[in-house]
$ cat protein_27.txt   # compact mmCIF, C-alpha atoms
# COMPACT_ATOMS: atom_id res chain seq x y z
CA VAL C 157 -24.76 -18.48 -13.28
CA THR C 158 -26.65 -17.81 -10.09
CA SER C 159 -29.77 -15.73 -9.64
CA ASN C 160 -31.26 -13.86 -6.76
CA GLU C 161 -34.40 -15.77 -5.82
CA ASN C 162 -35.79 -12.90 -3.75
CA SER C 163 -35.43 -10.39 -6.50
CA PRO C 164 -38.51 -9.55 -8.55
CA ILE C 165 -36.22 -9.40 -11.53
CA SER C 166 -35.10 -12.85 -12.61
CA GLU C 167 -31.87 -11.64 -14.16
CA PRO C 168 -28.65 -13.26 -12.99
CA ILE C 169 -26.78 -11.05 -10.57
CA GLN C 170 -23.45 -12.84 -10.67
CA SER C 171 -21.47 -14.45 -13.38
CA VAL C 172 -19.66 -17.76 -13.04
CA ALA C 173 -16.36 -15.95 -12.90
CA SER C 174 -17.49 -13.94 -9.89
CA ASP C 175 -18.63 -16.88 -7.77
CA GLU C 176 -15.64 -16.26 -5.56
CA LEU C 177 -16.89 -12.75 -4.80
CA VAL C 178 -19.22 -14.05 -2.12
CA PRO C 179 -17.57 -14.07 1.33
CA SER C 180 -17.62 -17.48 2.94
CA ALA C 181 -19.02 -18.09 6.40
CA PRO C 182 -16.65 -16.95 9.15
CA ILE C 183 -14.68 -19.64 10.87
CA PRO C 184 -13.74 -19.46 14.58
CA THR C 185 -10.93 -17.11 15.52
CA ALA C 186 -8.72 -19.92 16.83
CA ALA C 187 -9.00 -21.81 13.55
CA ALA C 188 -8.37 -18.61 11.62
CA LEU C 189 -5.22 -17.98 13.64
CA ALA C 190 -4.08 -21.56 13.03
CA ILE C 191 -4.52 -21.05 9.29
CA CYS C 192 -2.62 -17.76 9.56
CA SER C 193 0.23 -19.62 11.25
CA GLY C 194 0.31 -22.03 8.31
CA ALA C 195 0.26 -19.06 5.95
CA TRP C 196 3.26 -17.60 7.77
CA LEU C 197 5.22 -20.85 7.67
CA ILE C 198 4.53 -21.57 4.00
CA PRO C 199 3.55 -18.49 1.98
CA GLY C 200 0.29 -19.10 0.14
CA LEU C 201 -0.74 -22.07 2.25
CA GLY C 202 -3.44 -20.09 4.03
CA HIS C 203 -5.29 -19.32 0.82
CA VAL C 204 -4.96 -22.92 -0.30
CA LEU C 205 -6.44 -24.13 3.00
CA LEU C 206 -9.34 -21.72 2.52
CA GLY C 207 -10.00 -23.08 -0.96
CA ARG C 208 -8.45 -20.16 -2.87
CA TRP C 209 -6.10 -22.40 -4.79
CA ILE C 210 -5.14 -20.13 -7.63
CA ARG C 211 -4.56 -17.10 -5.44
CA GLY C 212 -2.58 -19.20 -2.98
CA LEU C 213 -0.32 -20.66 -5.64
CA ILE C 214 0.30 -17.23 -7.15
CA PHE C 215 1.24 -15.88 -3.70
CA THR C 216 3.54 -18.85 -3.15
CA ALA C 217 5.26 -18.22 -6.46
CA CYS C 218 5.61 -14.48 -5.79
CA VAL C 219 7.17 -14.86 -2.35
CA PHE C 220 9.39 -17.77 -3.37
CA VAL C 221 10.67 -16.01 -6.50
CA MET C 222 11.35 -12.79 -4.62
CA PHE C 223 13.13 -14.63 -1.81
CA ILE C 224 15.28 -16.73 -4.13
CA MET C 225 16.13 -13.71 -6.26
CA GLY C 226 17.17 -11.89 -3.10
CA LEU C 227 19.51 -14.70 -2.15
CA ALA C 228 20.84 -14.94 -5.71
CA MET C 229 21.61 -11.22 -5.64
CA HIS C 230 23.75 -11.77 -2.53
CA GLY C 231 21.26 -10.16 -0.15
CA LYS C 232 21.59 -10.47 3.59
CA LEU C 233 19.30 -12.35 5.95
CA TYR C 234 19.39 -10.68 9.34
CA GLY C 235 19.64 -12.47 12.64
CA LEU C 236 19.20 -11.31 16.22
CA GLU C 237 22.11 -8.97 16.91
CA PHE C 238 21.97 -7.11 20.19
CA GLU C 239 24.83 -4.78 19.26
CA ILE C 240 22.68 -3.08 16.62
CA PRO C 241 19.12 -2.94 18.05
CA LEU C 242 17.54 -1.31 14.98
CA GLN C 243 18.35 -4.39 12.95
CA VAL C 244 15.44 -6.06 14.68
CA PHE C 245 13.18 -4.42 12.09
CA ALA C 246 15.13 -6.08 9.30
CA LEU C 247 14.88 -9.36 11.20
CA ILE C 248 11.11 -9.00 11.52
CA ALA C 249 10.83 -8.34 7.77
CA ASN C 250 12.99 -11.39 7.03
CA LEU C 251 11.00 -13.57 9.42
CA GLY C 252 7.90 -12.93 7.35
CA THR C 253 9.00 -15.55 4.87
CA GLY C 254 8.56 -18.26 7.49
CA VAL C 255 10.13 -21.58 6.69
CA LEU C 256 12.11 -20.10 3.79
CA TYR C 257 14.02 -17.92 6.25
CA LEU C 258 14.62 -20.82 8.64
CA ILE C 259 15.86 -23.16 5.89
CA ALA C 260 18.08 -20.52 4.31
CA LYS C 261 19.60 -19.61 7.67
CA TYR C 262 20.12 -23.27 8.53
CA LEU C 263 21.86 -23.89 5.21
CA GLY C 264 24.05 -20.84 5.65
CA PHE C 265 22.58 -18.75 2.86
CA GLY C 266 21.98 -15.03 3.09
CA ILE C 267 25.34 -14.06 4.51
CA GLY C 268 25.30 -10.95 2.33
CA ALA C 269 28.24 -9.98 0.15
CA MET C 270 28.59 -6.23 0.56
CA THR C 271 31.12 -6.13 -2.26
CA SER C 272 28.49 -7.39 -4.68
CA GLN C 273 26.88 -4.81 -6.93
CA SER C 274 23.44 -6.24 -6.23
CA TYR C 275 23.80 -6.55 -2.44
CA ASP C 276 21.37 -3.74 -1.64
CA TYR C 277 18.84 -4.98 -4.16
CA GLY C 278 19.07 -8.51 -2.85
CA THR C 279 18.61 -7.41 0.75
CA THR C 280 15.59 -5.33 -0.25
CA PHE C 281 14.09 -8.28 -2.13
CA LEU C 282 14.48 -10.42 0.99
CA TRP C 283 12.80 -7.80 3.18
CA VAL C 284 9.94 -7.25 0.78
CA ALA C 285 9.34 -10.99 0.35
CA GLY C 286 8.68 -11.18 4.10
CA LEU C 287 6.62 -8.01 4.23
CA LEU C 288 4.46 -9.18 1.34
CA ASN C 289 3.80 -12.40 3.20
CA PHE C 290 2.62 -10.39 6.23
CA LEU C 291 0.09 -8.69 3.95
CA ILE C 292 -0.91 -12.09 2.58
CA ILE C 293 -1.43 -13.38 6.13
CA LEU C 294 -3.72 -10.43 6.92
CA ASP C 295 -5.67 -11.25 3.76
CA VAL C 296 -5.99 -14.85 4.93
CA PHE C 297 -7.38 -13.69 8.27
CA ASP C 298 -9.93 -11.41 6.60
CA ILE C 299 -11.10 -14.22 4.31
CA ALA C 300 -11.26 -16.71 7.17
CA ARG C 301 -13.38 -14.33 9.26
CA GLY C 302 -15.75 -13.74 6.35
CA ARG C 303 -14.82 -10.09 5.92
CA LYS C 304 -13.90 -10.42 2.25
CA PRO C 305 -14.37 -12.95 -0.53
CA MET K 126 22.59 -13.27 -10.51
CA ASN K 127 23.57 -10.13 -12.38
CA LEU K 128 20.53 -8.07 -13.15
CA SER K 129 20.70 -4.50 -14.31
CA HIS K 130 19.01 -1.88 -12.15
CA PHE K 131 16.10 -1.72 -14.58
CA GLU K 132 15.66 -5.50 -14.72
CA ALA K 133 15.65 -5.67 -10.93
CA LEU K 134 13.10 -2.86 -10.87
CA VAL K 135 10.87 -4.66 -13.36
CA MET K 136 10.96 -7.90 -11.38
CA PHE K 137 10.30 -6.07 -8.13
CA ALA K 138 7.38 -4.12 -9.62
CA LEU K 139 5.92 -7.23 -11.24
CA ILE K 140 5.85 -9.27 -8.05
CA VAL K 141 4.67 -6.49 -5.76
CA SER K 142 1.95 -5.32 -8.15
CA THR K 143 0.69 -8.90 -8.51
CA VAL K 144 0.36 -9.34 -4.76
CA PHE K 145 -1.19 -5.90 -4.27
CA ALA K 146 -3.74 -6.53 -7.01
CA LEU K 147 -4.77 -9.92 -5.64
CA ILE K 148 -5.06 -8.62 -2.09
CA THR K 149 -6.89 -5.38 -2.67
CA LYS K 150 -9.28 -6.25 -5.50
CA ASN K 151 -11.79 -9.08 -5.81
CA GLY K 152 -12.84 -9.67 -9.40
CA PRO K 153 -10.31 -10.97 -11.95
CA ARG K 154 -10.83 -8.02 -14.29
CA GLU K 155 -10.43 -5.52 -11.46
CA GLN K 156 -7.33 -7.31 -10.26
CA PHE K 157 -5.76 -7.28 -13.71
CA ARG K 158 -6.46 -3.59 -14.27
CA TYR K 159 -5.18 -2.57 -10.85
CA GLY K 160 -2.10 -4.78 -11.19
CA VAL K 161 -1.19 -3.22 -14.52
CA PHE K 162 -1.77 0.25 -13.05
CA VAL K 163 0.49 -0.41 -10.06
CA PHE K 164 3.16 -2.03 -12.24
CA LEU K 165 3.25 0.87 -14.68
CA SER K 166 3.19 3.35 -11.80
CA PHE K 167 6.25 1.71 -10.27
CA LEU K 168 8.12 2.00 -13.56
CA ALA K 169 6.98 5.55 -14.29
CA VAL K 170 7.83 6.89 -10.84
CA ALA K 171 11.22 5.16 -10.83
CA LEU K 172 12.10 6.54 -14.26
CA ALA K 173 10.89 10.01 -13.32
CA VAL K 174 12.86 10.06 -10.07
CA GLY K 175 15.89 8.68 -11.91
CA TRP K 176 15.79 11.51 -14.45
CA ILE K 177 15.26 14.09 -11.71
CA MET K 178 18.38 12.84 -9.93
CA TYR K 179 20.41 12.53 -13.13
CA PRO K 180 21.85 16.08 -13.16
CA LEU K 181 22.67 15.99 -9.46
CA PRO K 182 26.33 15.52 -8.54
CA LEU K 183 27.14 12.21 -6.87
$ encode --input "protein_27.txt" --output "structure tokens"
Amino acid sequence: VTSNENSPISEPIQSVASDELVPSAPIPTAAALAICSGAWLIPGLGHVLLGRWIRGLIFTACVFVMFIMGLAMHGKLYGLEFEIPLQVFALIANLGTGVLYLIAKYLGFGIGAMTSQSYDYGTTFLWVAGLLNFLIILDVFDIARGRKP
Amino acid sequence: MNLSHFEALVMFALIVSTVFALITKNGPREQFRYGVFVFLSFLAVALAVGWIMYPLPL
């Protein structure tokens, strides 16, 4: 339990559980961007590097589970296809998962079986896994710059 | 993996609501309450929209 020394009232203003509510000192932009790059490559790594272990591990689990479920449901991982330009948006969403996307593509996963009943669901799971990681990266940047606890 | 539509919806809602709660709220209690709210909202809206579409011809 911490107390506010400047306050005339000597009551504690924060509980132990809310210690993390205090924003940390901002780190330089270049270092923040480097941490964001790590957070992109491995979902959750950014929070771990900033000392938010539990949050980071939960984010890792969420993105990994969603990505693996997407593959298991025969979803499609998009590549760069110039014939269909609008697919670039799907590619950007997929790229959000960082190293997961690269490994899955390298191993030949994510071909996408359109005959599968769960194809659409799987593809959506793969998109959302990447998009969630983009949100997580923005959260990492805000924490690193001291804008939020 | 053969999940029913509802099971896929539940998994989707669970993961997304967890991430939303952790990103948007700070305290553990706030995060839990918001996560439960978002999760239940996902399910409620999906069920409502499903029933609205039910009488429509395919």
$ residues_near_point --input "protein_27.txt" --point "(27.8, -13.7, 1.6)" --cutoff "12 Å" --atoms "only C-alpha atoms" --output "list in words"
Gly226, Leu227, Ala228, Met229, His230, Gly231, Lys232, Leu233, Tyr234, Lys261, Gly264, Phe265, Gly266, Ile267, Gly268, Ala269, Met270, Thr271, Ser272, Ser274, Tyr275, Gly278 and Thr279 of chain C
$ interface_residues --input "protein_27.txt" --of "chain C" --to "chain K" --cutoff "8 Å" --atoms "only C-alpha atoms" --output "list in words"
Ala173, Ser174, Leu177, Arg211, Phe215, Cys218, Met222, Met225, Ala228, Met229, Ser274, Tyr277, Phe281, Leu288, Leu291, Ile292, Asp295 and Pro305 of chain C
$ residues_around --input "protein_27.txt" --residues "Ala138 in chain K" --least-positions-apart "4" --cutoff "9 Å" --atoms "only C-alpha atoms" --output "mmCIF file with C-alpha atoms, in the coordinates of the input"
data_model
loop_
_atom_site.group_PDB
_atom_site.id
_atom_site.type_symbol
_atom_site.label_atom_id
_atom_site.label_comp_id
_atom_site.auth_asym_id
_atom_site.auth_seq_id
_atom_site.Cartn_x
_atom_site.Cartn_y
_atom_site.Cartn_z
ATOM 1 C CA ALA K 133 15.650 -5.670 -10.930
ATOM 2 C CA LEU K 134 13.100 -2.860 -10.870
ATOM 3 C CA SER K 142 1.950 -5.320 -8.150
ATOM 4 C CA THR K 143 0.690 -8.900 -8.510
ATOM 5 C CA VAL K 163 0.490 -0.410 -10.060
ATOM 6 C CA PHE K 164 3.160 -2.030 -12.240
ATOM 7 C CA LEU K 165 3.250 0.870 -14.680
ATOM 8 C CA SER K 166 3.190 3.350 -11.800
ATOM 9 C CA PHE K 167 6.250 1.710 -10.270
ATOM 10 C CA LEU K 168 8.120 2.000 -13.560
#
$ atom_distance --input "protein_27.txt" --atom1 "CA of Val174 in chain K" --atom2 "CA of Asp276 in chain C"
18.3 Å
$ atom_distance --input "protein_27.txt" --atom1 "CA of Phe223 in chain C" --atom2 "CA of Ile240 in chain C"
23.8 Å
$ axis_aligned_box --input "protein_27.txt" --around "range 194-202 of chain C" --padding-each-side "8 Å" --output "AutoDock Vina command-line options"
--center_x 0.9 --center_y -19.8 --center_z 4.2 --size_x 24.7 --size_y 20.5 --size_z 24.2
$ decode --input "protein_27.txt" --residues "range 192-210 of chain C" --atoms "N, CA, C and O atoms" --output "short mmCIF file (atom, residue, chain, number, x, y, z; two decimals), in the first residue's frame"
data_model
loop_
_atom_site.label_atom_id
_atom_site.label_comp_id
_atom_site.auth_asym_id
_atom_site.auth_seq_id
_atom_site.Cartn_x
_atom_site.Cartn_y
_atom_site.Cartn_z
N CYS C 192 7.88 -2.00 -30.20
CA CYS C 192 6.70 -2.27 -31.02
C CYS C 192 7.02 -3.28 -32.12
O CYS C 192 6.18 -4.12 -32.46
N SER C 193 8.21 -3.19 -32.68
CA SER C 193 8.61 -4.16 -33.70
C SER C 193 8.65 -5.57 -33.12
O SER C 193 8.20 -6.53 -33.74
N GLY C 194 9.19 -5.67 -31.90
CA GLY C 194 9.19 -6.96 -31.22
C GLY C 194 7.78 -7.45 -30.94
O GLY C 194 7.48 -8.64 -31.07
N ALA C 195 6.91 -6.49 -30.58
CA ALA C 195 5.51 -6.86 -30.31
C ALA C 195 4.81 -7.33 -31.57
O ALA C 195 3.91 -8.17 -31.51
N TRP C 196 5.21 -6.78 -32.71
CA TRP C 196 4.63 -7.24 -33.98
C TRP C 196 5.14 -8.65 -34.31
O TRP C 196 4.35 -9.52 -34.67
N LEU C 197 6.44 -8.85 -34.15
CA LEU C 197 7.00 -10.16 -34.51
C LEU C 197 6.44 -11.27 -33.63
O LEU C 197 6.02 -12.32 -34.14
N ILE C 198 6.45 -11.05 -32.34
CA ILE C 198 5.92 -12.05 -31.40
C ILE C 198 4.84 -11.38 -30.57
O ILE C 198 5.15 -10.56 -29.69
N PRO C 199 3.58 -11.70 -30.84
CA PRO C 199 2.49 -11.07 -30.10
C PRO C 199 2.66 -11.21 -28.58
O PRO C 199 2.94 -12.30 -28.08
N GLY C 200 2.55 -10.10 -27.88
CA GLY C 200 2.68 -10.12 -26.42
C GLY C 200 4.07 -9.79 -25.93
O GLY C 200 4.24 -9.44 -24.76
N LEU C 201 5.05 -9.87 -26.82
CA LEU C 201 6.43 -9.62 -26.40
C LEU C 201 6.63 -8.18 -25.92
O LEU C 201 7.39 -7.94 -24.99
N GLY C 202 5.95 -7.25 -26.55
CA GLY C 202 6.10 -5.85 -26.18
C GLY C 202 5.73 -5.60 -24.73
O GLY C 202 6.45 -4.91 -24.00
N HIS C 203 4.60 -6.16 -24.31
CA HIS C 203 4.19 -6.00 -22.92
C HIS C 203 5.17 -6.68 -21.96
O HIS C 203 5.46 -6.17 -20.89
N VAL C 204 5.67 -7.82 -22.37
CA VAL C 204 6.65 -8.52 -21.52
C VAL C 204 7.91 -7.68 -21.37
O VAL C 204 8.44 -7.52 -20.27
N LEU C 205 8.37 -7.07 -22.47
CA LEU C 205 9.57 -6.23 -22.41
C LEU C 205 9.34 -5.00 -21.53
O LEU C 205 10.29 -4.48 -20.93
N LEU C 206 8.10 -4.54 -21.46
CA LEU C 206 7.79 -3.38 -20.63
C LEU C 206 7.45 -3.76 -19.20
O LEU C 206 7.03 -2.92 -18.41
N GLY C 207 7.59 -5.04 -18.87
CA GLY C 207 7.36 -5.49 -17.51
C GLY C 207 5.93 -5.87 -17.21
O GLY C 207 5.60 -6.19 -16.07
N ARG C 208 5.05 -5.83 -18.21
CA ARG C 208 3.65 -6.25 -18.02
C ARG C 208 3.54 -7.73 -18.39
O ARG C 208 2.98 -8.07 -19.43
N TRP C 209 4.09 -8.57 -17.54
CA TRP C 209 4.20 -9.99 -17.84
C TRP C 209 2.85 -10.66 -18.05
O TRP C 209 2.64 -11.37 -19.03
N ILE C 210 1.97 -10.45 -17.10
CA ILE C 210 0.69 -11.17 -17.16
C ILE C 210 -0.10 -10.75 -18.39
O ILE C 210 -0.58 -11.59 -19.15
#
